[in-house]
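Trainee: Pasting in a structure now, in C-alpha cells, and then I'll have a few things to ask.
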Amino acid sequence: THPTASKLPLKDSFTYDDYRWAVSSVMTRQNQIPTEDGSRVTLALIPLWDMCNHTNGLITTGYNLEDDRCECVALQDYKENEQIYIFYGTRSNAEFVVHSGFFFEDNGHDRVKIKLGVSKSERLYAMKAEVLARAGIAASSIFAVHCTEPPISAQLLAFLRVFCMTEEELKDYLVGEGAINKIFPLGNSGFPVSWENEIKLWTFLETRTALLLKTYKTTMEEDLSVLVKPDLPPHSRVAVQLRLAEKQILEKASASGRANRLHFQRQLEEGAALPRYEESDIALLENDEAVAGAGPVTDAKLPIILCKLEDVVVEEEEAAVSLKEAQEERLEKTPLLLNGGKAVYGTDAGQTDLAAPAAVEANGVDGAPTQAVTAKEASKAVGSALDTSHSRPGPEGPGGWGPSGRGADKCQLN
C-alpha cells in the first residue's frame with residue numbers, strides 16, 4: 001500500500017464493489033481512437049455514444065481526423081424517446097459476454113472456437129505442413145465453427161482436406177503435375193480432393209463436434225429448464241444462455257457433418273465423376289453456387305487467400321521490415337471505423353467480468369495443443385518425407401478447443 005493511501009478521502013467510502021464497478025465500466029466502454037497526428041491509436045471513453053446498445057446492422061461510426069471527433073450515422077430513423085442502437089461488429093456471443101456483459105440472442109455471427117493441428121509425431125506431418133504452408137495456413141491454428149450453414153469457413157475446409165489427405169494425395173499436391181494450381185480450390189466445396197477425402201473430413205467434423213458436446217456437464221434440455229426459472233440471477237442466466245448457444249452450434253455442425261458424409265458416400269458408391277479444377281474455373285471460386293456438381297455445402301467466403309511458398313519462406317529480417325511497412329500502409333488506407341472489429345480504430349471493449357446495467361436516453365436525432373512449423377522447416381523435411389513410404393503412421397493430434405459480452409445500456413432520444 002502506498003504510504004499516503006491512508007490520507008485519501010476515498011479510503012473509507014470507496015469499496016471493493018465500487019472498484020469492480022469502475023473497472024467494469026471502463027473496460028466495457030473503452031474504444032480505440034487515433035492520436036492527433038493519426039500515427040497510432042490510443043484508448044478513450046466516448047460519452048453517450050459508448051452507451052448505445054448493440055443490434056444487427058452495419059458499421060456506421062467513424063473518426064473524423066480533421067475535426068478530431070467521432071461521427072456516427074444512425075442505422076435507421078428514430079422518433080423521440082426511442083432507443084438508439086449501433087452495430088458493435090461481427091462478434092460472437094462469447095466475445096459479447098466476456099467483453100461487454102450481455103448475450104445477444106439474434107446473433108447471426110455466433111461461433112465456437114476450436115483449435116486444430118497436425119501432430120508433429122505424425123509420419124506425414126512434414127508433407128501436410130508443407131501443403132498447408134502453400135495455402136497460407138498454419139499447421140496448428142484456431143478455427144471457428146459457425147452457427148450458419150455451412151458451419152465451416154473456406155480456410156477450415158482447406159485445413160481439414162489436407163489433414164485427411166493420404167500420402168499419395170499429399171505427393172500429388174506437392175510434386176504432381178500442376179501442383180501449385182491444385183492449392184487454389186482447396187477451400188472450395190465444389191472441388192473435392194477425392195470422395196474418400198470428403199468422407200473422412202466430414203466424419204472428422206461430425207465426430208469432433210459430438211465429442212466436444214460431451215464435455216459439457218449439462219444437456220441442452222437441462223439448460224432450457226434452468227432458463228425458465230424466474231428467479232435466476234442475471235449473470236447466471238447469461239452464462240447458461242452462452243453455454244446453450246455453444247451446444248446448439250456444435251450440434252448443428254455435427255448434423256451438417258453427418259449429412260455431408262452420407263452425401264459423399266453416395267457419390268462414391270454411385271461412381272460419380274469427381275469435379276476437376278482447371279485454370280479457367282477460377283471465376284467459379286467467387287461464386288460457389290455456379291459450380292456444377294457441387295455438394296450440399298456452399299461457401300460464400302471464397303476464394304480463400306493463398307500464398308506461394310516462396311513468399312512465405314523469407315528471412316526474419318525481411319519479414320520484420322515487410323510487416324512494419326504493411327502496418328504503416330494499412331494505417332494510412334484503413335477507414336477510421338470505431339464500432340467494427342475489422343477496423344484499425346474499432347471498438348475494443350476490454351476483458352472484464354459482466355458489467356452492471358446502465359441507461360441513457362437520446363433526443364430526436366437520427367441516430368491437444370500442437371505447435372506450428374515454419375514453411376522453411378517444412379521445406380527441409382518434405383524431401384525426406386516424400387521418400388518415406390513404409391513407415392508406421394503416428395497418431396494424429398488435433399488440439400483442444402475453447403470458446404473465447406457489456407451491461408444493458410440504453411441510449412434514447414429526448
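Residues in the C-alpha cells are numbered from 1 in each chain, the chains being A, B, ... in the order shown, and ligands are numbered from 1 in the order shown.
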I'd like the contact shell of region 224-239 of chain A - 9 Å cut-off, only C-alpha atoms, skipping same-chain residues fewer than 4 positions apart - returned as a compact mmCIF listing (two decimals) with N, CA and C atoms, in the first residue's frame.
Mentor:
```txt
# COMPACT_ATOMS: atom_id res chain seq x y z
N VAL A 97 -20.24 -11.66 -24.17
CA VAL A 97 -20.36 -11.96 -22.74
C VAL A 97 -19.09 -11.57 -21.99
N GLY A 101 -20.59 -8.08 -21.35
CA GLY A 101 -21.52 -8.46 -20.29
C GLY A 101 -22.94 -8.74 -20.69
N PHE A 102 -23.18 -9.06 -21.98
CA PHE A 102 -24.54 -9.40 -22.38
C PHE A 102 -24.51 -10.52 -23.42
N PHE A 103 -25.66 -11.16 -23.58
CA PHE A 103 -25.84 -12.21 -24.58
C PHE A 103 -26.84 -11.70 -25.60
N THR A 219 -27.06 -31.09 -20.17
CA THR A 219 -27.65 -31.28 -21.50
C THR A 219 -28.37 -29.99 -21.92
N MET A 220 -28.73 -29.92 -23.18
CA MET A 220 -29.48 -28.75 -23.64
C MET A 220 -30.85 -28.68 -22.98
N ARG A 243 -23.76 -21.03 -22.80
CA ARG A 243 -23.49 -22.46 -22.83
C ARG A 243 -24.44 -23.19 -23.77
N LEU A 244 -25.70 -22.83 -23.71
CA LEU A 244 -26.70 -23.46 -24.58
C LEU A 244 -26.44 -23.13 -26.04
N LEU A 354 -18.83 -9.47 -16.08
CA LEU A 354 -20.09 -8.94 -16.59
C LEU A 354 -20.33 -7.55 -16.01
```
Trainee: Write out, as a tab-separated table, each residue of region 76-140 of chain A that has an atom at most 12 Å from region 188-208 of chain A, together with the closest pair of atoms and their distance in Å to one decimal, counting only C-alpha atoms, rows going by chain and rising number.
Mentor:
```
residue	atom	partner	partner_atom	distance
A:Ile114	CA	A:Arg208	CA	9.9
A:Lys115	CA	A:Arg208	CA	11.2
A:Leu116	CA	A:Arg208	CA	10.3
```
Trainee: Could the residues in this selection be written to a file with C-alpha atoms, as an mmCIF file, in the first residue's frame?
Mentor:
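That gives us selection30.cif:
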```
data_model
loop_
_atom_site.group_PDB
_atom_site.id
_atom_site.type_symbol
_atom_site.label_atom_id
_atom_site.label_comp_id
_atom_site.auth_asym_id
_atom_site.auth_seq_id
_atom_site.Cartn_x
_atom_site.Cartn_y
_atom_site.Cartn_z
ATOM 1 C CA ILE A 114 -11.757 -24.789 -31.833
ATOM 2 C CA LYS A 115 -8.029 -25.416 -32.001
ATOM 3 C CA LEU A 116 -6.854 -27.953 -34.542
#
```
Trainee: DSSP on the backbone: what in region 34-218 of chain A comes out strand (DSSP E), as a PyMOL selection string?
Mentor: chain A and resi 34+41-44+53-54+61-64+69-72+83-86+111-117+140-146
Trainee: Looking at only C-alpha atoms, which of A:Leu170, A:Ala22, A:Ile84, A:Ala135 is the one that sits closest to Pro185 (chain A)?
Mentor: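 Smallest distance to Pro185 (chain A) is found for A:Ala135.
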Trainee: Compile the contact shell of Trp49 (chain A) as a JSON list (two decimals) with all heavy atoms, in the first residue's frame: residues with an atom at most 9 Å away, counting only C-alpha atoms, same-chain residues fewer than 2 positions apart removed.
Mentor:
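Result file is out.json:
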```json
[["chain", "number", "residue", "atom", "x", "y", "z"],
["A", 46, "ILE", "N", -15.98, 7.54, -24.96],
["A", 46, "ILE", "CA", -16.74, 8.44, -25.82],
["A", 46, "ILE", "C", -18.13, 8.57, -25.20],
["A", 46, "ILE", "O", -19.00, 7.73, -25.45],
["A", 46, "ILE", "CB", -16.83, 7.90, -27.26],
["A", 46, "ILE", "CG1", -15.43, 7.61, -27.79],
["A", 46, "ILE", "CG2", -17.56, 8.89, -28.17],
["A", 46, "ILE", "CD1", -15.42, 6.95, -29.16],
["A", 47, "PRO", "N", -18.34, 9.58, -24.38],
["A", 47, "PRO", "CA", -19.62, 9.72, -23.66],
["A", 47, "PRO", "C", -20.82, 9.70, -24.59],
["A", 47, "PRO", "O", -20.78, 10.19, -25.72],
["A", 47, "PRO", "CB", -19.48, 11.09, -22.97],
["A", 47, "PRO", "CG", -18.00, 11.30, -22.84],
["A", 47, "PRO", "CD", -17.40, 10.67, -24.07],
["A", 51, "MET", "N", -22.65, 4.34, -24.77],
["A", 51, "MET", "CA", -23.75, 3.75, -24.02],
["A", 51, "MET", "C", -24.85, 3.20, -24.92],
["A", 51, "MET", "O", -25.88, 2.73, -24.46],
["A", 51, "MET", "CB", -24.33, 4.77, -23.04],
["A", 51, "MET", "CG", -23.29, 5.31, -22.07],
["A", 51, "MET", "SD", -23.96, 6.38, -20.79],
["A", 51, "MET", "CE", -24.62, 5.16, -19.66],
["A", 52, "CYS", "N", -24.63, 3.28, -26.22],
["A", 52, "CYS", "CA", -25.60, 2.71, -27.16],
["A", 52, "CYS", "C", -25.53, 1.19, -27.13],
["A", 52, "CYS", "O", -24.44, 0.61, -27.11],
["A", 52, "CYS", "CB", -25.31, 3.20, -28.58],
["A", 52, "CYS", "SG", -25.62, 4.95, -28.85],
["A", 70, "CYS", "N", -15.61, 11.86, -33.14],
["A", 70, "CYS", "CA", -16.28, 10.62, -33.54],
["A", 70, "CYS", "C", -17.59, 10.98, -34.23],
["A", 70, "CYS", "O", -18.34, 11.84, -33.75],
["A", 70, "CYS", "CB", -16.54, 9.77, -32.30],
["A", 70, "CYS", "SG", -17.63, 8.37, -32.55],
["A", 72, "CYS", "N", -21.12, 9.32, -35.98],
["A", 72, "CYS", "CA", -21.96, 8.12, -36.09],
["A", 72, "CYS", "C", -23.20, 8.43, -36.91],
["A", 72, "CYS", "O", -23.89, 9.43, -36.65],
["A", 72, "CYS", "CB", -22.35, 7.63, -34.69],
["A", 72, "CYS", "SG", -23.42, 6.18, -34.70],
["A", 86, "ILE", "N", -26.46, 0.82, -32.10],
["A", 86, "ILE", "CA", -25.35, 0.78, -33.06],
["A", 86, "ILE", "C", -24.94, -0.68, -33.24],
["A", 86, "ILE", "O", -25.34, -1.55, -32.45],
["A", 86, "ILE", "CB", -24.13, 1.61, -32.61],
["A", 86, "ILE", "CG1", -23.58, 1.08, -31.27],
["A", 86, "ILE", "CG2", -24.46, 3.08, -32.54],
["A", 86, "ILE", "CD1", -22.30, 1.78, -30.82],
["A", 411, "CYS", "N", -29.59, 4.01, -24.84],
["A", 411, "CYS", "CA", -29.40, 5.35, -25.40],
["A", 411, "CYS", "C", -30.67, 5.73, -26.13],
["A", 411, "CYS", "O", -31.08, 5.04, -27.06],
["A", 411, "CYS", "CB", -28.20, 5.35, -26.35],
["A", 411, "CYS", "SG", -27.73, 7.00, -26.85]]
```
Trainee: Give me the residues near Ala245 (chain A) as a list in words, where near means some atom within 9 Å (using only C-alpha atoms) and where sequence neighbours in that chain fewer than 4 positions away do not count.
Mentor: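 Those residues are Asn93, Glu105, Asp110, Arg111, Cys147, Val240, Gln241, Ile249 and Leu250 of chain A.
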Trainee: Could you jot down the CA of His54 (chain A) to CA of Tyr85 (chain A) separation for me, Å, one decimal place?
Mentor: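 Those two atoms sit 5.6 Å apart.
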Trainee: When distances are computed from only C-alpha atoms, which of A:Tyr277, A:Glu168, A:Gly108, A:Leu211 shows the smallest separation from Phe184 (chain A)?
Mentor: A:Tyr277
Trainee: Quote the spacing between CA of Val118 (chain A) and CA of Glu167 (chain A) in Å to one decimal place.
Mentor: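 About the pair CA of Val118 (chain A) and CA of Glu167 (chain A): they are 14.2 Å apart.
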Trainee: Identify all residues of region 101-134 of chain A in helix (DSSP H, G or I) (DSSP on the backbone) and supply them as a ChimeraX atom specification.
Mentor: /A:125-134
Trainee: Write out, as a JSON list (two decimals), in the first residue's frame, the residues just selected, with C-alpha atoms.
Mentor:
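To be explicit, this is the file written out as result06.json:
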```json
[["chain", "number", "residue", "atom", "x", "y", "z"],
["A", 125, "TYR", "CA", 3.50, -34.19, -40.66],
["A", 126, "ALA", "CA", 6.12, -32.50, -42.85],
["A", 127, "MET", "CA", 4.16, -33.12, -46.03],
["A", 128, "LYS", "CA", 0.91, -31.84, -44.57],
["A", 129, "ALA", "CA", 2.63, -28.79, -43.09],
["A", 130, "GLU", "CA", 4.15, -28.03, -46.49],
["A", 131, "VAL", "CA", 0.82, -28.19, -48.34],
["A", 132, "LEU", "CA", -0.81, -26.06, -45.65],
["A", 133, "ALA", "CA", 2.03, -23.53, -45.85],
["A", 134, "ARG", "CA", 1.50, -23.18, -49.60]]
```
